[in-house]
$ cat work-v7.tsv   # TSV, C-alpha atoms
chain	number	residue	atom	x	y	z
A	1	MET	CA	119.28	115.27	109.03
A	2	PRO	CA	120.97	118.54	107.91
A	3	ALA	CA	118.59	120.39	110.25
A	4	PHE	CA	119.70	118.14	113.10
A	5	PHE	CA	123.40	118.92	112.63
A	6	VAL	CA	122.85	122.65	112.05
A	7	LEU	CA	120.71	123.01	115.19
A	8	ASP	CA	123.17	120.92	117.18
A	9	ARG	CA	125.99	123.31	116.24
A	10	TYR	CA	123.81	126.36	116.84
A	11	CYS	CA	122.75	125.20	120.32
A	12	GLN	CA	126.36	124.52	121.23
A	13	GLU	CA	127.16	128.14	120.36
A	14	ARG	CA	124.01	129.55	122.02
A	15	PRO	CA	123.03	127.14	124.80
A	16	ASN	CA	120.51	129.56	126.35
A	17	ASP	CA	118.41	130.19	123.24
A	18	GLU	CA	115.13	128.61	124.34
A	19	CYS	CA	113.55	128.81	120.87
A	20	ALA	CA	116.47	126.96	119.28
A	21	LEU	CA	116.45	124.35	122.05
A	22	HIS	CA	112.71	123.82	121.58
A	23	LEU	CA	113.06	123.50	117.80
A	24	PHE	CA	116.04	121.15	118.12
A	25	SER	CA	113.99	119.02	120.51
A	26	LEU	CA	111.22	118.66	117.91
A	27	VAL	CA	113.75	117.68	115.24
A	28	CYS	CA	115.20	115.08	117.64
A	29	GLU	CA	111.68	113.73	118.17
A	30	ARG	CA	111.22	113.40	114.43
A	31	VAL	CA	114.38	111.28	114.05
A	32	GLY	CA	113.65	109.18	117.15
A	33	HIS	CA	116.20	110.61	119.63
A	34	TYR	CA	113.70	110.88	122.46
A	35	ASP	CA	116.18	111.07	125.35
A	36	LEU	CA	117.97	114.02	123.78
A	37	ALA	CA	114.64	115.62	122.85
A	38	VAL	CA	113.45	115.46	126.49
A	39	GLU	CA	116.76	116.88	127.72
A	40	LEU	CA	116.64	119.81	125.30
A	41	ILE	CA	113.02	120.77	125.86
A	42	THR	CA	113.42	120.47	129.66
A	43	LYS	CA	116.25	122.98	129.44
A	44	ALA	CA	114.12	125.27	127.28
A	45	ILE	CA	111.31	125.08	129.85
A	46	SER	CA	113.69	126.06	132.66
A	47	ILE	CA	114.85	129.11	130.69
A	48	LEU	CA	111.27	130.12	129.86
A	49	GLU	CA	110.21	129.74	133.49
A	50	ALA	CA	113.04	132.01	134.66
A	51	LYS	CA	112.20	134.62	132.01
A	52	TYR	CA	108.52	134.58	132.92
A	53	GLU	CA	109.27	135.10	136.61
A	54	GLU	CA	111.09	138.29	135.64
A	55	SER	CA	108.72	139.67	133.02
A	56	GLU	CA	105.32	137.93	133.42
A	57	ASP	CA	105.04	138.29	129.66
A	58	SER	CA	101.98	136.46	128.25
A	59	ALA	CA	103.91	135.48	125.10
A	60	ILE	CA	106.53	133.72	127.22
A	61	GLU	CA	103.77	132.02	129.20
A	62	ARG	CA	102.29	130.67	125.96
A	63	GLN	CA	105.71	129.36	124.86
A	64	PHE	CA	106.02	127.70	128.26
A	65	THR	CA	102.60	126.07	127.80
A	66	ILE	CA	103.45	124.77	124.34
A	67	ALA	CA	106.79	123.44	125.57
A	68	ASN	CA	105.12	121.54	128.43
A	69	THR	CA	102.59	120.08	126.00
A	70	ASN	CA	105.39	118.87	123.73
A	71	LEU	CA	107.34	117.57	126.73
A	72	GLY	CA	104.34	115.47	127.75
A	73	ARG	CA	104.19	113.88	124.31
A	74	LEU	CA	107.94	113.20	124.34
A	75	LEU	CA	107.78	111.61	127.78
A	76	VAL	CA	105.04	109.26	126.58
A	77	ALA	CA	107.22	108.28	123.61
A	78	ASN	CA	110.01	107.60	126.11
A	79	GLY	CA	107.79	105.50	128.37
A	80	ASP	CA	107.75	107.97	131.29
A	81	PHE	CA	103.97	108.04	131.66
A	82	ASP	CA	103.59	109.47	135.19
A	83	GLU	CA	105.95	112.36	134.41
A	84	ALA	CA	104.08	112.95	131.17
A	85	VAL	CA	100.78	113.38	133.03
A	86	GLU	CA	102.39	115.93	135.37
A	87	SER	CA	103.73	117.99	132.47
A	88	LEU	CA	100.40	117.88	130.64
A	89	GLU	CA	98.49	118.89	133.76
A	90	THR	CA	100.77	121.92	134.05
A	91	ALA	CA	99.93	122.88	130.48
A	92	LEU	CA	96.19	122.33	131.02
A	93	GLY	CA	96.28	124.55	134.09
A	94	LEU	CA	97.87	127.35	132.08
A	95	ILE	CA	95.39	127.00	129.20
A	96	GLY	CA	92.45	127.27	131.62
A	97	ASP	CA	89.23	128.46	129.99
A	98	ASP	CA	90.90	130.12	127.00
A	99	ASP	CA	88.76	129.21	123.97
A	100	SER	CA	91.01	130.55	121.19
A	101	ALA	CA	91.78	128.29	118.24
A	102	GLU	CA	95.38	127.72	119.38
A	103	SER	CA	94.27	126.92	122.92
A	104	ARG	CA	91.73	124.38	121.68
A	105	VAL	CA	94.49	122.60	119.76
A	106	LEU	CA	96.73	122.58	122.85
A	107	HIS	CA	93.88	121.48	125.11
A	108	THR	CA	92.94	118.65	122.75
A	109	GLN	CA	96.51	117.42	122.50
A	110	CYS	CA	96.98	117.57	126.28
A	111	CYS	CA	93.82	115.53	126.92
A	112	PHE	CA	94.65	113.16	124.07
A	113	VAL	CA	98.17	112.39	125.34
A	114	THR	CA	97.02	112.29	128.97
A	115	GLY	CA	94.50	109.62	127.97
A	116	LEU	CA	97.23	107.59	126.32
A	117	SER	CA	99.48	107.95	129.38
A	118	LYS	CA	96.76	106.85	131.77
A	119	PHE	CA	95.86	103.94	129.53
A	120	LYS	CA	99.47	102.77	129.52
A	121	CYS	CA	99.47	103.02	133.34
A	122	GLY	CA	96.33	100.86	133.58
A	123	ASP	CA	94.00	103.70	134.62
A	124	LEU	CA	91.26	102.80	132.15
A	125	ASN	CA	88.54	105.03	133.58
A	126	GLY	CA	90.88	108.02	133.67
A	127	ALA	CA	92.01	107.29	130.13
A	128	MET	CA	88.45	107.14	128.76
A	129	GLU	CA	87.57	110.37	130.55
A	130	SER	CA	90.60	112.13	129.03
A	131	PHE	CA	89.78	110.83	125.54
A	132	GLN	CA	86.22	112.12	125.85
A	133	LEU	CA	87.51	115.52	126.98
A	134	ALA	CA	89.80	115.55	123.94
A	135	LEU	CA	86.85	114.81	121.63
A	136	GLY	CA	84.87	117.61	123.25
A	137	SER	CA	87.63	120.19	122.86
A	138	ALA	CA	88.33	119.11	119.26
A	139	GLY	CA	84.86	120.33	118.28
A	140	GLU	CA	84.45	120.11	114.50
A	141	ASP	CA	88.15	120.05	113.62
A	142	LEU	CA	88.19	116.95	111.42
A	143	ALA	CA	91.91	116.21	111.78
A	144	MET	CA	91.87	116.38	115.58
A	145	VAL	CA	88.62	114.43	115.90
A	146	GLY	CA	90.05	111.77	113.58
A	147	HIS	CA	93.23	111.37	115.65
A	148	VAL	CA	91.35	111.08	118.93
A	149	SER	CA	88.69	108.73	117.56
A	150	VAL	CA	91.26	106.33	116.13
A	151	LEU	CA	93.24	106.21	119.37
A	152	LEU	CA	90.12	105.81	121.50
A	153	ALA	CA	88.87	102.96	119.31
A	154	GLN	CA	92.25	101.23	119.50
A	155	ALA	CA	92.28	101.57	123.29
A	156	LEU	CA	88.79	100.11	123.57
A	157	TRP	CA	89.63	97.25	121.22
A	158	SER	CA	92.75	96.35	123.20
A	159	LEU	CA	90.62	95.73	126.30
A	160	GLY	CA	89.33	92.54	124.66
A	161	GLY	CA	85.88	91.01	124.87
A	162	ASP	CA	82.83	91.41	122.67
A	163	GLU	CA	81.50	94.46	124.51
A	164	ALA	CA	84.78	96.37	124.19
A	165	GLN	CA	85.09	95.47	120.52
A	166	GLU	CA	81.55	96.64	119.77
A	167	SER	CA	82.28	99.88	121.63
A	168	ALA	CA	85.40	100.39	119.51
A	169	LYS	CA	83.43	99.92	116.28
A	170	SER	CA	80.67	102.18	117.57
A	171	GLN	CA	83.20	104.90	118.38
A	172	LEU	CA	84.60	104.91	114.85
A	173	LEU	CA	81.16	104.75	113.27
A	174	GLN	CA	80.06	107.76	115.32
A	175	TRP	CA	83.12	109.64	114.09
A	176	TYR	CA	82.39	108.57	110.50
A	177	VAL	CA	78.84	109.92	110.65
A	178	LYS	CA	79.97	113.15	112.32
A	179	ARG	CA	82.67	113.65	109.70
A	180	THR	CA	80.24	113.17	106.83
A	181	VAL	CA	77.84	115.70	108.35
A	182	ILE	CA	80.59	118.29	108.84
A	183	ILE	CA	81.97	117.86	105.31
A	184	ARG	CA	78.56	118.08	103.67
A	185	ARG	CA	77.65	121.11	105.75
A	186	SER	CA	80.85	122.87	104.72
A	187	LEU	CA	80.21	122.02	101.06
A	188	GLU	CA	76.53	122.97	101.22
A	189	PHE	CA	75.49	119.31	100.90
A	190	THR	CA	77.55	118.73	97.78
A	191	PRO	CA	78.25	114.96	97.48
A	192	ARG	CA	81.85	114.03	98.07
A	193	SER	CA	83.82	111.02	99.23
A	194	SER	CA	84.29	111.41	102.95
A	195	ILE	CA	87.79	109.94	103.01
A	196	SER	CA	89.37	112.06	100.30
A	197	SER	CA	90.65	114.87	102.50
A	198	ASP	CA	93.27	113.55	104.92
A	199	PRO	CA	95.32	110.48	105.89
A	200	GLU	CA	93.79	110.25	109.38
A	201	ASN	CA	90.43	109.56	107.78
A	202	LEU	CA	91.86	106.76	105.66
A	203	GLU	CA	93.50	105.28	108.75
A	204	ALA	CA	90.17	105.23	110.55
A	205	ILE	CA	88.38	103.58	107.63
A	206	ASN	CA	91.19	101.02	107.43
A	207	LEU	CA	90.78	100.36	111.14
A	208	LEU	CA	87.03	99.92	110.71
A	209	ALA	CA	87.60	97.39	107.94
A	210	GLY	CA	90.03	95.46	110.12
A	211	MET	CA	87.58	95.39	113.01
A	212	GLY	CA	84.84	94.21	110.68
A	213	ILE	CA	87.03	91.36	109.39
A	214	LEU	CA	87.97	90.23	112.89
A	215	THR	CA	84.35	90.25	114.10
A	216	ASP	CA	82.87	88.76	110.90
A	217	ASP	CA	80.82	91.92	110.32
A	218	ASP	CA	80.41	91.63	106.53
A	219	GLY	CA	78.33	94.80	106.25
A	220	LEU	CA	81.00	96.89	107.94
A	221	VAL	CA	83.75	95.29	105.86
A	222	ASP	CA	81.92	95.95	102.58
A	223	ALA	CA	81.21	99.58	103.49
A	224	ALA	CA	84.78	100.30	104.59
A	225	LEU	CA	86.39	98.55	101.61
A	226	SER	CA	84.13	100.35	99.14
A	227	GLU	CA	85.25	103.67	100.65
A	228	MET	CA	88.92	102.78	100.30
A	229	LEU	CA	88.60	101.33	96.81
A	230	SER	CA	86.74	104.42	95.59
A	231	LEU	CA	89.98	106.43	95.84
A	232	PRO	CA	92.26	106.69	92.77
A	233	LEU	CA	95.37	104.55	93.21
A	234	ASP	CA	97.79	107.49	93.16
A	235	GLN	CA	95.79	109.38	95.79
A	236	ARG	CA	95.52	106.32	97.99
A	237	ALA	CA	99.26	105.72	97.73
A	238	ALA	CA	99.98	109.32	98.74
A	239	MET	CA	97.68	109.06	101.76
A	240	ASP	CA	98.96	105.61	102.75
A	241	PRO	CA	102.78	105.63	102.40
A	242	HIS	CA	103.18	102.46	104.50
A	243	HIS	CA	100.69	100.54	102.28
A	244	ASP	CA	98.50	99.55	105.23
A	245	VAL	CA	95.41	99.54	103.03
A	246	ASN	CA	96.99	97.19	100.48
A	247	GLY	CA	98.13	94.89	103.28
A	248	LEU	CA	94.62	94.72	104.70
A	249	LEU	CA	93.09	94.10	101.29
A	250	VAL	CA	95.51	91.24	100.59
A	251	LYS	CA	94.75	89.60	103.94
A	252	HIS	CA	91.02	90.03	103.42
A	253	TYR	CA	91.03	88.44	99.97
A	254	LEU	CA	93.33	85.64	101.10
A	255	GLY	CA	90.89	84.96	103.93
A	256	GLN	CA	88.04	84.76	101.45
A	257	VAL	CA	89.96	82.30	99.28
A	258	SER	CA	90.80	80.07	102.25
A	259	ASP	CA	87.14	80.07	103.30
A	260	ALA	CA	86.01	79.15	99.82
A	261	TYR	CA	88.66	76.47	99.35
A	262	PRO	CA	89.45	75.01	102.79
A	263	CYS	CA	92.38	72.67	103.15
A	264	PRO	CA	91.37	68.96	103.25
$ encode --input "work-v7.tsv" --output "structure tokens"
Amino acid sequence: MPAFFVLDRYCQERPNDECALHLFSLVCERVGHYDLAVELITKAISILEAKYEESEDSAIERQFTIANTNLGRLLVANGDFDEAVESLETALGLIGDDDSAESRVLHTQCCFVTGLSKFKCGDLNGAMESFQLALGSAGEDLAMVGHVSVLLAQALWSLGGDEAQESAKSQLLQWYVKRTVIIRRSLEFTPRSSISSDPENLEAINLLAGMGILTDDDGLVDAALSEMLSLPLDQRAAMDPHHDVNGLLVKHYLGQVSDAYPCP
């Protein structure tokens, strides 16, 4: 909150500082002021566009690309899905075939958020295509692959029906196998728990366990729960601040008790 008030005062004094406007927009996003965040970053984009027309500086063009990517995400948070797709397509056009590490991150995020926008608009085929593009551009970046895989699985699951649910589980299992391969390769095949490195991984395992419970897939439930329970309590708490894992475990065990002792 201090950052919010300081940047607010600074932007009042220097309303044409595009970097400050962009940063203030991200702080607004963090505290949930999406309307103000969109307003600020839109102004920053206008300033960057005018500067680029004068200088054609590649650094300004990259700032413009990043700003449009962030604007797309903010518009999705605000429910403006069609406008979000337009902003993200602008960013994708500027990224082009650039294969640098930064560009891959931007490309993945653009495809990822475009998929979510199209899904919210009911364009299921377009959404799945965008999610697959995001997975392709993420490569072997475990954090990005984890984010995309979780969202894709949730989108598939929400379609309903046995086929969609099996596809959702399959998507997460494919990610799980890929993740294990990448981790072991990087550690020269040294054994290690595959969910000990980041919260996105724990979220995916938690999602797998939930899917297994809902579809009565005992093998999947046992595998996912054993992964989660293998973590020390303090580490699990740090990775799961909202206690989603504990909530799932409680529901699972309560379900087992009710099955074993049904009401008369």
$ residues_around --input "work-v7.tsv" --residues "segment 84-101 of chain A" --least-positions-apart "2" --cutoff "10 Å" --atoms "all atoms listed in the file" --output "PyMOL selection string"
chain A and resi 61-62+64-82+103-118+137-138
$ atom_distance --input "work-v7.tsv" --atom1 "atom CA of Ala127 of chain A" --atom2 "atom CA of Asp217 of chain A"
27.5 Å
$ closest_residue --input "work-v7.tsv" --among "A:Phe24, A:Trp175, A:Phe131, A:Tyr34" --to "Leu152 of chain A" --atoms "only C-alpha atoms"
A:Phe131
$ residues_around --input "work-v7.tsv" --residues "Ala168 of chain A" --least-positions-apart "2" --cutoff "7 Å" --atoms "only C-alpha atoms" --output "ChimeraX atom specification"
/A:153-154,156-157,164-166,170-172
$ closest_residue --input "work-v7.tsv" --among "A:Ser158, A:Ser226, A:Ser58, A:Ser149" --to "Leu133 of chain A" --atoms "only C-alpha atoms"
A:Ser149
$ axis_aligned_box --input "work-v7.tsv" --around "segment 141-150 of chain A" --padding-each-side "8 Å" --output "AutoDock Vina command-line options"
--center_x 90.7 --center_y 113.2 --center_z 115.2 --size_x 21.1 --size_y 29.7 --size_z 23.5
$ atom_distance --input "work-v7.tsv" --atom1 "atom CA of Met1 of chain A" --atom2 "atom CA of Ala37 of chain A"
14.6 Å
$ build_atoms --input "work-v7.tsv" --residues "segment 140-171 of chain A" --atoms "N, CA and C atoms" --output "mmCIF file, in the coordinates of the input"
data_model
loop_
_atom_site.group_PDB
_atom_site.id
_atom_site.type_symbol
_atom_site.label_atom_id
_atom_site.label_comp_id
_atom_site.auth_asym_id
_atom_site.auth_seq_id
_atom_site.Cartn_x
_atom_site.Cartn_y
_atom_site.Cartn_z
ATOM 1 N N GLU A 140 84.682 120.575 115.860
ATOM 2 C CA GLU A 140 84.450 120.110 114.500
ATOM 3 C C GLU A 140 85.728 120.130 113.668
ATOM 4 N N ASP A 141 86.883 120.138 114.335
ATOM 5 C CA ASP A 141 88.150 120.050 113.620
ATOM 6 C C ASP A 141 88.352 118.590 113.196
ATOM 7 N N LEU A 142 88.216 118.323 111.904
ATOM 8 C CA LEU A 142 88.190 116.950 111.420
ATOM 9 C C LEU A 142 89.492 116.203 111.699
ATOM 10 N N ALA A 143 90.629 116.885 111.553
ATOM 11 C CA ALA A 143 91.910 116.210 111.780
ATOM 12 C C ALA A 143 92.050 115.794 113.235
ATOM 13 N N MET A 144 91.725 116.704 114.166
ATOM 14 C CA MET A 144 91.870 116.380 115.580
ATOM 15 C C MET A 144 90.868 115.307 116.004
ATOM 16 N N VAL A 145 89.625 115.425 115.553
ATOM 17 C CA VAL A 145 88.620 114.430 115.900
ATOM 18 C C VAL A 145 89.025 113.057 115.368
ATOM 19 N N GLY A 146 89.603 113.033 114.154
ATOM 20 C CA GLY A 146 90.050 111.770 113.580
ATOM 21 C C GLY A 146 91.142 111.117 114.401
ATOM 22 N N HIS A 147 92.140 111.911 114.825
ATOM 23 C CA HIS A 147 93.230 111.370 115.650
ATOM 24 C C HIS A 147 92.690 110.764 116.940
ATOM 25 N N VAL A 148 91.852 111.536 117.630
ATOM 26 C CA VAL A 148 91.350 111.080 118.930
ATOM 27 C C VAL A 148 90.461 109.851 118.769
ATOM 28 N N SER A 149 89.616 109.853 117.769
ATOM 29 C CA SER A 149 88.690 108.730 117.560
ATOM 30 C C SER A 149 89.439 107.440 117.276
ATOM 31 N N VAL A 150 90.477 107.529 116.453
ATOM 32 C CA VAL A 150 91.260 106.330 116.130
ATOM 33 C C VAL A 150 91.935 105.786 117.386
ATOM 34 N N LEU A 151 92.557 106.665 118.170
ATOM 35 C CA LEU A 151 93.240 106.210 119.370
ATOM 36 C C LEU A 151 92.259 105.635 120.391
ATOM 37 N N LEU A 152 91.122 106.293 120.560
ATOM 38 C CA LEU A 152 90.120 105.810 121.500
ATOM 39 C C LEU A 152 89.608 104.440 121.087
ATOM 40 N N ALA A 153 89.346 104.257 119.793
ATOM 41 C CA ALA A 153 88.870 102.960 119.310
ATOM 42 C C ALA A 153 89.922 101.873 119.526
ATOM 43 N N GLN A 154 91.185 102.207 119.287
ATOM 44 C CA GLN A 154 92.250 101.230 119.500
ATOM 45 C C GLN A 154 92.368 100.855 120.979
ATOM 46 N N ALA A 155 92.212 101.844 121.849
ATOM 47 C CA ALA A 155 92.280 101.570 123.290
ATOM 48 C C ALA A 155 91.135 100.662 123.722
ATOM 49 N N LEU A 156 89.932 100.944 123.227
ATOM 50 C CA LEU A 156 88.790 100.110 123.570
ATOM 51 C C LEU A 156 88.971 98.689 123.050
ATOM 52 N N TRP A 157 89.460 98.573 121.833
ATOM 53 C CA TRP A 157 89.630 97.250 121.220
ATOM 54 C C TRP A 157 90.637 96.418 122.014
ATOM 55 N N SER A 158 91.691 97.076 122.494
ATOM 56 C CA SER A 158 92.750 96.350 123.200
ATOM 57 C C SER A 158 92.274 95.784 124.531
ATOM 58 N N LEU A 159 91.135 96.260 125.039
ATOM 59 C CA LEU A 159 90.620 95.730 126.300
ATOM 60 C C LEU A 159 90.142 94.288 126.146
ATOM 61 N N GLY A 160 89.783 93.903 124.913
ATOM 62 C CA GLY A 160 89.330 92.540 124.660
ATOM 63 C C GLY A 160 87.875 92.343 125.057
ATOM 64 N N GLY A 161 87.282 91.291 124.560
ATOM 65 C CA GLY A 161 85.880 91.010 124.870
ATOM 66 C C GLY A 161 84.945 91.599 123.833
ATOM 67 N N ASP A 162 83.790 90.969 123.681
ATOM 68 C CA ASP A 162 82.830 91.410 122.670
ATOM 69 C C ASP A 162 82.326 92.815 122.925
ATOM 70 N N GLU A 163 82.043 93.140 124.187
ATOM 71 C CA GLU A 163 81.500 94.460 124.510
ATOM 72 C C GLU A 163 82.489 95.566 124.146
ATOM 73 N N ALA A 164 83.764 95.368 124.491
ATOM 74 C CA ALA A 164 84.780 96.370 124.190
ATOM 75 C C ALA A 164 84.965 96.531 122.686
ATOM 76 N N GLN A 165 84.918 95.405 121.956
ATOM 77 C CA GLN A 165 85.090 95.470 120.520
ATOM 78 C C GLN A 165 83.921 96.189 119.854
ATOM 79 N N GLU A 166 82.711 95.934 120.318
ATOM 80 C CA GLU A 166 81.550 96.640 119.770
ATOM 81 C C GLU A 166 81.618 98.125 120.088
ATOM 82 N N SER A 167 82.118 98.466 121.276
ATOM 83 C CA SER A 167 82.280 99.880 121.630
ATOM 84 C C SER A 167 83.297 100.562 120.735
ATOM 85 N N ALA A 168 84.374 99.829 120.393
ATOM 86 C CA ALA A 168 85.400 100.390 119.510
ATOM 87 C C ALA A 168 84.808 100.668 118.121
ATOM 88 N N LYS A 169 84.064 99.717 117.597
ATOM 89 C CA LYS A 169 83.430 99.920 116.280
ATOM 90 C C LYS A 169 82.433 101.068 116.343
ATOM 91 N N SER A 170 81.660 101.116 117.413
ATOM 92 C CA SER A 170 80.670 102.180 117.570
ATOM 93 C C SER A 170 81.330 103.547 117.600
ATOM 94 N N GLN A 171 82.484 103.636 118.280
ATOM 95 C CA GLN A 171 83.200 104.900 118.380
ATOM 96 C C GLN A 171 83.617 105.404 116.995
#
